[in-house]
Structures are given as C-alpha cells and as structure tokens.
Amino acid sequence: MAITLEVSNLSLNDVHRFLKLEERPNGSFAEFFNLKPLMEFEQQDLLRIRNDFRRYLSAGKISEGLVKFLTIAPLMRLAGFYDVPICLTLEDVVAISIEDEDTNIKGRSDILAINNAQSTNSSPFWVLVIETKNSAIDVSEGLPQLLTYAFKSLEQQASVWGLVTNGLRYQFVHLRAATPPTYQLMPLLSLNETDKSLEIVQVMKAICQLPYFQSPTER
C-alpha cells in the first residue's frame, strides 16, 4: 500500500532521495540574465516596500500571510507579474508519485506564476514558484517545499525558477530537467540592503520577461 507524505514534513535529504534531485554548485545571476538598472519610479516603489516591511518587522515577527501582503504582492506587481500573459494562482495542490518508493507526496504551493502564452491546454508553463515563510524562519527551511513544488513542472518543461523568502531574505533557485534533474542556488539577497534589494526586483523582472528558459549551456 502506498504511503502519502506531506511536503511540509520533508527534509532536504528526503527531497534529494525521493526526487533523485541533485544540487549543482551555486550559480550566478549573470549566467542567466543581463540585469537592467531600475527606473527612478521603480526605485521609489521599492523604497516604500522596504520601509513598510521594516516598520512591521521592528514591531515583531511578521506572519507568512503578512509577508505575502507586504512584500511579495507589491514586488511581483513592480516586476510585471500582474501583466498579461502572466497569470498568478494561490494554494495550488501539487501531487507527485514516487513509484520506486511506493510513495505519494502532496502539498500546496504558495504562489505560482504561469505564462498563458506558452501554456497548452494540458500543460501550463510555470514561470516562477514561490514559497513564503514567516520572518522568524530561515529561508533554508522552506527549500525542501520549494524544490518539491518546482520539480513538478519539470515533467512538462526544461527548467523553472523558484523563490523562497521570509520577507527579508530572498533565495532564488534554478531547476533544470536532466538525468538526473538538478538545481542551483543563486546568491542570497536581502530586502534590507539597498543594492541587494534592487537586485531582487531586477531578477524578478528578468524572470518575468524571459520568453523561455534556458540553461547556461543552451544559450
């Protein structure tokens, strides 16, 4: 009889074993993007997002839901994820069957951005998978969930981007379908540092604007 595991209960070692997912050496954004400077109005919007988050953080721990409301939602709007042809969905059920282990893995992704222009009737094209945590949790604790959710898209496409955040720290991850499938962690970014916060938006904009995803060797 198959057993069912909740994604939230998986460790990083579990993810590696069940999904046969291997970590590659840490990557660089320059391998994938030519990041463009932000315009003045974009920098002003970002400053407001930073100030709002700081005000709440100074009062104590920020819940996962409020992290989404204060940072992810406005950052995604600023980066263009609210525009056509991108469509956002929340709390999508993700199910993966591990035949060798007679195991099913189930969970709900926090935020999923889909490119409708590249999707087919049977295969949505995933642009960015986001996993959020409250401000007191280290982003590394959300990595097993993010990797599992993002891995699901590799059944239909060659690669996908993921992001796990607690509102303050932002860990982007690039997953690629291969034998075995692999992932790379990108440099950790902070909303509290001016240059790094600018880079958060630059990277999100670059991901949103990619016509399709390529690994560095495919460019």
# chains A, B, ... in the order shown; residues from 1 in each chain; ligands from 1
>>> residues_around(residues="segment 175-188 of chain A", least_positions_apart="3", cutoff="10 Å", atoms="only C-alpha atoms", output="ChimeraX atom specification")
/A:16,19-29,139,143,147,150-151,153-163,165,169-172,196,200,213-215
>>> select_by_dssp(residues="segment 80-124 of chain A", states="strand (DSSP E or B)", output="list in words")
Ile86, Cys87, Leu88, Thr89, Leu90, Glu91, Asp92, Val93, Val94, Ala95, Ile96, Ser97, Ile98, Thr103, Asn104, Ile105, Lys106, Gly107, Arg108, Ser109, Asp110, Ile111, Leu112, Ala113, Ile114 and Asn115 of chain A
>>> closest_atom_pairs(of="segment 112-177 of chain A", to="segment 60-72 of chain A", cutoff="10 Å", atoms="only C-alpha atoms", output="CSV")
residue,atom,partner,partner_atom,distance
A:Ile130,CA,A:Ile72,CA,9.0
A:Glu131,CA,A:Lys68,CA,9.7
A:Thr132,CA,A:Glu64,CA,6.2
A:Lys133,CA,A:Glu64,CA,4.9
A:Asn134,CA,A:Glu64,CA,4.1
A:Ser135,CA,A:Ile62,CA,5.2
A:Ala136,CA,A:Lys61,CA,6.0
A:Ile137,CA,A:Lys61,CA,9.5
A:Thr165,CA,A:Val67,CA,8.6
A:Asn166,CA,A:Val67,CA,6.8
A:Gly167,CA,A:Val67,CA,5.4
A:Leu168,CA,A:Thr71,CA,8.8
>>> residues_around(residues="segment 108-117 of chain A", least_positions_apart="6", cutoff="10 Å", atoms="only C-alpha atoms", output="count of residues only")
44
>>> select_by_dssp(residues="segment 28-212 of chain A", states="alpha helix (DSSP H)", output="compact mmCIF listing (two decimals) with C-alpha atoms, in the first residue's frame")
# COMPACT_ATOMS: atom_id res chain seq x y z
CA GLU A 40 13.56 56.12 -10.73
CA PHE A 41 9.86 55.39 -10.11
CA GLU A 42 10.68 51.69 -9.63
CA GLN A 43 13.33 52.56 -7.06
CA GLN A 44 10.82 54.76 -5.22
CA ASP A 45 8.23 51.96 -5.18
CA LEU A 46 10.86 49.57 -3.86
CA LEU A 47 11.82 52.02 -1.12
CA ARG A 48 8.19 52.16 0.04
CA ILE A 49 8.04 48.35 0.13
CA ARG A 50 11.26 48.24 2.17
CA ASN A 51 10.06 50.91 4.61
CA ASP A 52 6.70 49.20 5.12
CA PHE A 53 8.38 45.88 5.84
CA ARG A 54 10.90 47.45 8.23
CA ARG A 55 8.11 49.16 10.18
CA TYR A 56 6.28 45.89 10.73
CA LEU A 57 9.47 43.92 11.42
CA GLU A 64 3.65 34.26 6.50
CA GLY A 65 0.41 35.78 5.24
CA LEU A 66 1.57 39.30 6.02
CA VAL A 67 4.93 38.63 4.33
CA ALA A 73 2.46 41.04 -3.80
CA PRO A 74 3.92 44.55 -4.37
CA LEU A 75 7.26 43.18 -5.60
CA MET A 76 5.50 40.96 -8.13
CA ARG A 77 3.41 43.89 -9.33
CA LEU A 78 6.54 46.04 -9.64
CA ALA A 79 8.31 43.27 -11.59
CA LEU A 143 13.84 24.95 0.43
CA PRO A 144 12.52 21.34 0.57
CA GLN A 145 8.97 22.55 -0.12
CA LEU A 146 10.03 24.90 -2.89
CA LEU A 147 12.13 22.27 -4.64
CA THR A 148 9.33 19.71 -4.49
CA TYR A 149 6.73 22.07 -5.93
CA ALA A 150 9.06 23.39 -8.64
CA PHE A 151 10.19 19.86 -9.53
CA LYS A 152 6.64 19.03 -10.62
CA SER A 153 6.93 21.45 -13.56
CA THR A 194 19.98 48.80 -0.85
CA ASP A 195 21.97 47.12 -3.62
CA LYS A 196 20.61 43.66 -2.86
CA SER A 197 17.02 44.90 -2.75
CA LEU A 198 17.46 46.47 -6.17
CA GLU A 199 18.76 43.13 -7.40
CA ILE A 200 15.67 41.33 -6.07
CA VAL A 201 13.46 43.40 -8.37
CA GLN A 202 15.91 43.18 -11.26
CA VAL A 203 15.95 39.38 -11.06
CA MET A 204 12.18 39.14 -10.73
CA LYS A 205 11.76 41.38 -13.77
CA ALA A 206 14.25 39.31 -15.76
CA ILE A 207 12.44 36.07 -14.89
CA CYS A 208 9.08 37.59 -15.78
CA GLN A 209 10.36 38.79 -19.15
>>> closest_residue(among="A:Pro37, A:Glu141, A:Ser97, A:His174", to="Asn9 of chain A", atoms="only C-alpha atoms")
A:Glu141
>>> atom_distance(atom1="atom CA of Thr4 of chain A", atom2="atom CA of Gly142 of chain A")
19.7 Å
>>> closest_residue(among="A:Val173, A:Leu191, A:Leu38, A:Ile105", to="Ile3 of chain A", atoms="only C-alpha atoms")
A:Ile105
